[in-house]
Amino acid sequence: MITDFQAIDDIIREKGTTKKSLIPILQSIQGKYNFLPEEALKRISEITEIKPADIIGVASFYSQFRLSPVGDHIIKVCVGTACHVKGAMLVYDAFRREMKLEEGQDTEKSGKYTLEKVSCLGCCTLAPVVQIDNITYGHIASDQVGELIDDFEKQKNTKVKSLFRRADGSQIKGEIRIGLGSCCVASGSGEIREAIEETVSGSGIQVKLKSVGCVGMCHQVPLVEIVPNDKEATLYAKVKPQDVKDIIETHFNAPNILTRLKNKLLNTVETIQTDSKWEGIQRYELNVREKHVSSFLGKQVPVATEYRGVINPLDIEEYKQRLGFKALKKALKGLSPEQVIDEIKKSGIRGRGGAGFPTGVKWELVARQKNDLKYLVCNGDEGDPGAFMDRMLLESYPYRIIEGVIIAAYAVGAKEGYFYIRAEYPLAVKRIREALSICREEGFLGQNILDSGFSFDISIAEGAGAFVCGEETALIKSIEGNRGFPHIRPPFPAVKGLWSRPTLVNNTETFAQVSYIIRNGSGKFNRIGTEKSKGTKVFALAGKVARGGLIEVPMGITIKQVVEEIGGGIADGRKFKAVQIGGPSGGCIPAHLSHTPIDFESLNKLGAMMGSGGLVVLDDTDCMVDIARFFLSFTQNESCGKCTFCRVGTRRMLDILNNLCTGKGKKGDLEELEKLAEWTKIGSLCGLGKTAPNPILSSLKYFREEYEAHLNGVCSTGKCTELITYSVNEKCIGCTLCAQKCPVDAIAFKPHEKHEIDTGLCIKCDACRQVCPEDAIDVT
Amino acid sequence: MINIKINNKEVQVSKGVSVMSAAKQAGENIPAMCWHEELEHYTSCMVCLVKDASTGKLFPSCSVKATEGMEVITLDDEIYEGRKTALELLLSEHVGDCEAPCQIACPAHMDIPQMNRLIAEGKFIESLQVVMHDIALPSVLGRICPAPCEGACRRKSIDEAVSICLLKRFVGDEAYEAVFKNLEIQPRNGKKVAIIGSGPAGLAAAFNLQLRGYTCTVFEKEGYPGGLLRTGIAGGKLPGDVLDREINNILSLGVRLILNENIDAGKFAAARKEYDAVVLATGNLSVGMKEWGLDTTEKGVKVNKNTYETSEEGVFAVGNALRPSRLAVRSVGQGKEAAFSVDQFLSGEKVKGEPGTFNSRFGRLMKDEFAEYLKESVPGKRFHPKEGPGKGFSVEEVKKEALRCLHCDCRKIDNCKLRDFSDEYKANQRRFSFGERKKVVKHINHDMVVYESQKCIKCGICVRLTEKHGEKFGFTFIGRGFDVVVGVPFNEDLKEGLTKTAKIVVEGCPTGAISMK
């Protein structure tokens, strides 16, 4: 019970008393109390003009907000696409057992831990991922959850130093670059930095310590790059703190250790690509010029990710040295707004948010509106549970995006703008906030930018957890402080957007490509890509591929090239089955169509979609019905609930899929599913509902026989647990590991004998199969 | 002004109007549920889909403005299917009964909850009027009916079914004089109907046709009227004077009864010539009847199930003539329904039979929902007449028993867009009835209205109306997506939510989610 409202009153004083302040107020209150106490909400209605109906409507709409108290620590199990295909649900179930949670309960009896599912933590290459408070664990197996909680108990009190130390520039012998993307941070680059600092300060070596953004090689994190002044750079992957001393001494003192490490590398280069489990993770040196890695970067064309791994995200001087703000100066000093729009139109760039609307046409439409106040919104509400391009761009290239935004604002005549960024991306918010304030100091934002007479400023609106807010009309409602309900278009935001003013809404990646186009001219961009899809596209490559990570490829590259040449083929020697492109709005493209070029039209033709850029590779152990169910359960959960077809239609499709996956399918289900999917496409109000059926329709189109098998109660991949049984085969050596691991005592402890599984007790958690050293567990 | 084409018909409409209102101007009424004249369009229900003739694309007509040169189709097979699918999706989350389960179970389709409520209020005459709308022989059936309605009664799953049959008997015995005195009888229309058989089916047909202005003659082969009611009821459950009284009441309307008249093939043919229509209520099919030239099966005369038309024009058949049964209430119901068809036939209309309106149903009441339904009732098992079941209820007893009714029927049964459109589009509520159903909740803590959130289709009309009219709390959406519910913020009472807008919200609600008490 809150008795003193001082803290709440202070928050309101700081954030404001009108509706547009509602979400920030709620975020601050939750930051203080860990949930939204009802008295606090009532207090808002008493001392602001915001109505109770709006407060409750908004607080209950966004999944970030909690209306009841939670435990001291929150365990977030990522159930994004990449984590899903790597068994996230088994991990989630294991936590429920470990925490002894009863049905409908999410917090332990003791009140210490609360368990939550999250749709994507953006560390897809570490899948499956679990986050406890701010510590991230990757490659978790379902039998490790106990150890994981123990480890957290040990870790939580140790102080993590976030000191960044610079050596004296004059005496620098070289540069040590440490990856600071979320994947790197999650995999322990903080510890690595500490180890480096320790080594450097103890040895007296004079090097420059530098943090760099995401390089895109997220499967190899944490990454450390050593750049001696006079020698070639070497990139080390999966570095362990204990390796640091050796590495540094190798480059700056004794050369012999390097040779030793390299030999080790040659023998293990393949094994490091596979998914080692958490406790067994191997970290070795990896040279960027080695065959596998150079091909990882080789086919790529960096535009949005220009100078990846080279620039420090927040170092504005360095950005300027790397051609930063050249485009802005060119636009403001040498080009009229019409000329800028013309250049963008000629470049052929289309919106990178998914639908592919021509960017220049959109700009022109906004520019044509006569209004004394126009807005601009940078859409960073990346919601695809298998994609993290926006996050990486915002974290690693904040100035490039800001530059694109200012150019766009100039072109369309916008005076004010908003970065709308997912609340799940705290690092991105922090970087953009800092970058904005530096830009203001430097005169790139504010009044009379670069003495051009053009004025523009932009602030940050943090999302609060709603996939639908990636849809531009819902996004606008959200910034205004409402539930994220989309509305019918027309009117388009370009005509009537934020607070009914003309508003330009573009995706983060689109803005990230603007400076390249203006600086180099539309021709250079235009030459990349296909006839109707120009330039490059950033994808989050994840799933069963050997090398996952962030990639930027020219439009028109084939799926096969991405999977094989960039991704290094399928991991674990499995068979390539399909790629899922475009996440919940996209579809599955089977391996036999992998010669398909990646461009807007080709993907649409196959029933998939560019979407925001999630690219998840599936192998022959993945069940397509389960994948469709996974995406449907995501969209169903994210439906805002406004229109009938999306609110109820997605739910009913999910009901059918759930029945299929649990052996309750019946004749006629597939036909009904297909019909309902078609109608949901036609009858839904916004893009969420209109595209939600794509994962179903595309998998029905290419993998119908799998659906039919499910109707008969068969899941050949064994992913649908209610359709399978576990048994022990003749390979069993009686090592008892399975009996030790079984959480429900379904396997009797019989040393040296063949074990048996009591199927009546078995909960199909897969722990026995994972632990078995002899491949003696059958799943049928 | 703007020129647009609705179903190929040119219309001029003013700038800025929606396609839906443009269509209305062209005489096309488009169904819509989330649209409200006081409010801006909202685009939620998607029942108002129409088609852009040039692209073939469907769009919600309430939310799109008519533009110059637009060509719109307001109904075709695809649009029909789209609307129907939208309605079926809405019905799959609409947890509510239109008619009460008892009424649906009653073979005569009697409005039982309404009878109960009127009895509870002591309005016995009005109550019997409700009964006699469907049941011509209330006192008779009140003694012999096996009461399938009581089997379906929701109260039965809580403790014991409401004693419906005895309630009906009470009003039948108590109020018949006043009811017959005030019967609304159409003037004679000059048309004559022959009814062959004076059992429950024949009597019911005669009663209902006579009320409608037809002149009825009932032929009875025995020397007394009543058929099986007279001879087939064992154990003295039906005293002769009760049967006589109800028959006499019917005859008092001008129905002619001819006893000892055994109709054979020749007389049947003659009757068909003499009378404008013939209703066969002969009881079980006899060997002789096979010579009458009608299509029959082993069990009885073949009829159209909805209209009771036989294979011969102008000849209808009801009761045990169709198949042997010992359910008098079914015969009484069929007599009433056949009268409806005969009336359509003789009025020159297409014979469709009594219209069966769409009914939403949600199945069993769960244990944890009993309390919700009991909110509008009284606790305790059923009352038994002190004087014994043979004597029936006293005035005090009957009111107490009637109060046990749970009010399962919907309060907005005659004013529900969801029901009307579901009927019109022949929606099938069970099409998407998989998955768990929502829990039943009744909010009755308001002087004027009852709110049942599980019937809500999330159209947002109440949310928008309470906001527009400046309620302090009003209604709001709570939650998101499929699990969203509409409620008063901060769990305030319904009273706080609707301080001044109760009436307009009830009128605005397109379903029975919010209704007047």
# chains A, B, ... in the order shown; residues from 1 in each chain; ligands from 1
$ residues_around --residues "Phe383 in chain B" --least-positions-apart "6" --cutoff "12 Å" --atoms "only C-alpha atoms" --output "list of chain:residue names"
B:Asp159, B:Glu160, B:Ala161, B:Val162, B:Ser163, B:Ile164, B:Leu166, B:Leu167, B:Pro389, B:Gly392, B:Phe393, B:Ser394, B:Glu396, B:Glu397, B:Val398, B:Lys399, B:Lys400, B:Glu401, B:Ala402, B:Leu403, B:Arg404
$ interface_residues --of "chain A" --to "chain B" --cutoff "7 Å" --atoms "only C-alpha atoms" --output "ChimeraX atom specification"
/A:52-53,56-57,60-61,637-645,647-649,652,655,679,683
$ select_by_dssp --residues "range 258-388 of chain B" --states "strand (DSSP E or B)" --output "list in words"
Ile258, Ala277, Val278, Val279, Leu280, Thr296, Val301, Glu309, Val315, Phe316 and Ala317 of chain B
$ write_last_selection --atoms "N, CA and C atoms" --output "CSV table (one decimal), in the first residue's frame"
chain,number,residue,atom,x,y,z
B,258,ILE,N,-68.1,-31.9,-35.3
B,258,ILE,CA,-69.0,-32.9,-35.8
B,258,ILE,C,-68.5,-34.3,-35.3
B,277,ALA,N,-58.9,-25.5,-47.0
B,277,ALA,CA,-57.7,-26.3,-46.6
B,277,ALA,C,-58.2,-27.4,-45.6
B,278,VAL,N,-57.4,-28.5,-45.6
B,278,VAL,CA,-57.7,-29.6,-44.7
B,278,VAL,C,-56.4,-29.9,-43.8
B,279,VAL,N,-56.7,-30.0,-42.5
B,279,VAL,CA,-55.6,-30.4,-41.6
B,279,VAL,C,-55.9,-31.8,-41.1
B,280,LEU,N,-55.0,-32.7,-41.3
B,280,LEU,CA,-55.2,-34.1,-40.9
B,280,LEU,C,-54.6,-34.2,-39.5
B,296,THR,N,-47.1,-41.5,-48.1
B,296,THR,CA,-47.0,-41.9,-46.7
B,296,THR,C,-45.7,-42.8,-46.6
B,301,VAL,N,-48.0,-40.1,-42.4
B,301,VAL,CA,-48.1,-39.2,-43.6
B,301,VAL,C,-46.8,-38.4,-43.7
B,309,GLU,N,-46.9,-29.3,-44.8
B,309,GLU,CA,-47.6,-29.6,-46.0
B,309,GLU,C,-47.4,-31.1,-46.4
B,315,VAL,N,-53.4,-29.6,-48.2
B,315,VAL,CA,-53.6,-30.6,-47.1
B,315,VAL,C,-52.4,-30.6,-46.2
B,316,PHE,N,-52.7,-30.4,-45.0
B,316,PHE,CA,-51.6,-30.4,-44.0
B,316,PHE,C,-51.8,-31.5,-43.0
B,317,ALA,N,-50.7,-32.0,-42.4
B,317,ALA,CA,-50.9,-33.1,-41.4
B,317,ALA,C,-50.1,-32.8,-40.2
$ atom_distance --atom1 "CA of His139 in chain A" --atom2 "CA of Ala127 in chain A"
5.3 Å
$ residues_around --residues "Lys690 in chain A" --least-positions-apart "5" --cutoff "10 Å" --atoms "only C-alpha atoms" --output "PDB file with C-alpha atoms, in the first residue's frame"
ATOM      1  CA  SER A 585       4.078 -11.920 -41.363  1.00  0.00           C
ATOM      2  CA  PHE A 645     -11.022 -11.459 -38.016  1.00  0.00           C
ATOM      3  CA  CYS A 646      -7.768 -10.821 -36.223  1.00  0.00           C
ATOM      4  CA  ALA A 677      -6.738 -18.116 -43.059  1.00  0.00           C
ATOM      5  CA  GLU A 678      -7.949 -16.692 -46.360  1.00  0.00           C
ATOM      6  CA  TRP A 679     -10.731 -14.756 -44.658  1.00  0.00           C
ATOM      7  CA  THR A 680      -8.459 -13.417 -41.960  1.00  0.00           C
ATOM      8  CA  LYS A 681      -6.211 -12.085 -44.715  1.00  0.00           C
ATOM      9  CA  ILE A 682      -9.133 -10.416 -46.445  1.00  0.00           C
ATOM     10  CA  GLY A 683     -11.114  -9.208 -43.479  1.00  0.00           C
ATOM     11  CA  SER A 684      -8.541  -7.921 -41.003  1.00  0.00           C
ATOM     12  CA  LEU A 685      -8.133  -4.230 -40.408  1.00  0.00           C
TER      13      LEU A 685
END
$ select_by_dssp --residues "range 520-624 of chain A" --states "alpha helix (DSSP H)" --output "list in words"
Asn520, Ser522, Gly523, Lys524, Phe525, Asn526, Ile559, Lys560, Phe600, Glu601, Ser602, Leu603, Asn604, Lys605 and Met624 of chain A
$ write_last_selection --atoms "C-alpha atoms" --output "mmCIF file, in the first residue's frame"
data_model
loop_
_atom_site.group_PDB
_atom_site.id
_atom_site.type_symbol
_atom_site.label_atom_id
_atom_site.label_comp_id
_atom_site.auth_asym_id
_atom_site.auth_seq_id
_atom_site.Cartn_x
_atom_site.Cartn_y
_atom_site.Cartn_z
ATOM 1 C CA ASN A 520 27.118 8.668 -53.076
ATOM 2 C CA SER A 522 21.248 7.515 -56.161
ATOM 3 C CA GLY A 523 23.103 5.729 -58.948
ATOM 4 C CA LYS A 524 25.470 3.891 -56.674
ATOM 5 C CA PHE A 525 22.615 2.533 -54.578
ATOM 6 C CA ASN A 526 20.476 1.884 -57.597
ATOM 7 C CA ILE A 559 18.280 -17.899 -50.401
ATOM 8 C CA LYS A 560 20.778 -20.630 -51.149
ATOM 9 C CA PHE A 600 9.982 -8.012 -52.498
ATOM 10 C CA GLU A 601 8.177 -9.464 -55.504
ATOM 11 C CA SER A 602 9.738 -12.936 -55.523
ATOM 12 C CA LEU A 603 9.038 -13.475 -51.867
ATOM 13 C CA ASN A 604 5.446 -12.283 -52.123
ATOM 14 C CA LYS A 605 4.916 -14.604 -55.050
ATOM 15 C CA MET A 624 6.325 -27.234 -40.036
#
$ residues_around --residues "Lys330 in chain A" --least-positions-apart "5" --cutoff "9 Å" --atoms "only C-alpha atoms" --output "PyMOL selection string"
chain A and resi 325+335+518-519
$ write_last_selection --atoms "C-alpha atoms" --output "mmCIF file, in the first residue's frame"
data_model
loop_
_atom_site.group_PDB
_atom_site.id
_atom_site.type_symbol
_atom_site.label_atom_id
_atom_site.label_comp_id
_atom_site.auth_asym_id
_atom_site.auth_seq_id
_atom_site.Cartn_x
_atom_site.Cartn_y
_atom_site.Cartn_z
ATOM 1 C CA PHE A 325 27.268 14.025 -41.844
ATOM 2 C CA LEU A 335 20.102 20.473 -52.461
ATOM 3 C CA ILE A 518 22.625 11.162 -50.698
ATOM 4 C CA ARG A 519 26.375 11.015 -50.198
#
$ residues_around --residues "range 194-199 of chain B" --least-positions-apart "6" --cutoff "10 Å" --atoms "only C-alpha atoms" --output "PyMOL selection string"
chain B and resi 205-206+215-222+224-230+247+256-259+261-263+268+271-272+274-283+315-317+319-321+328+331-332
$ atom_distance --atom1 "CA of Gly138 in chain A" --atom2 "CA of Cys123 in chain A"
8.3 Å
$ atom_distance --atom1 "CA of Leu498 in chain B" --atom2 "CA of His446 in chain B"
8.5 Å
$ closest_residue --among "A:Ile29, A:Leu673, A:Cys78, A:Val221" --to "Pro385 in chain A" --atoms "only C-alpha atoms"
A:Cys78
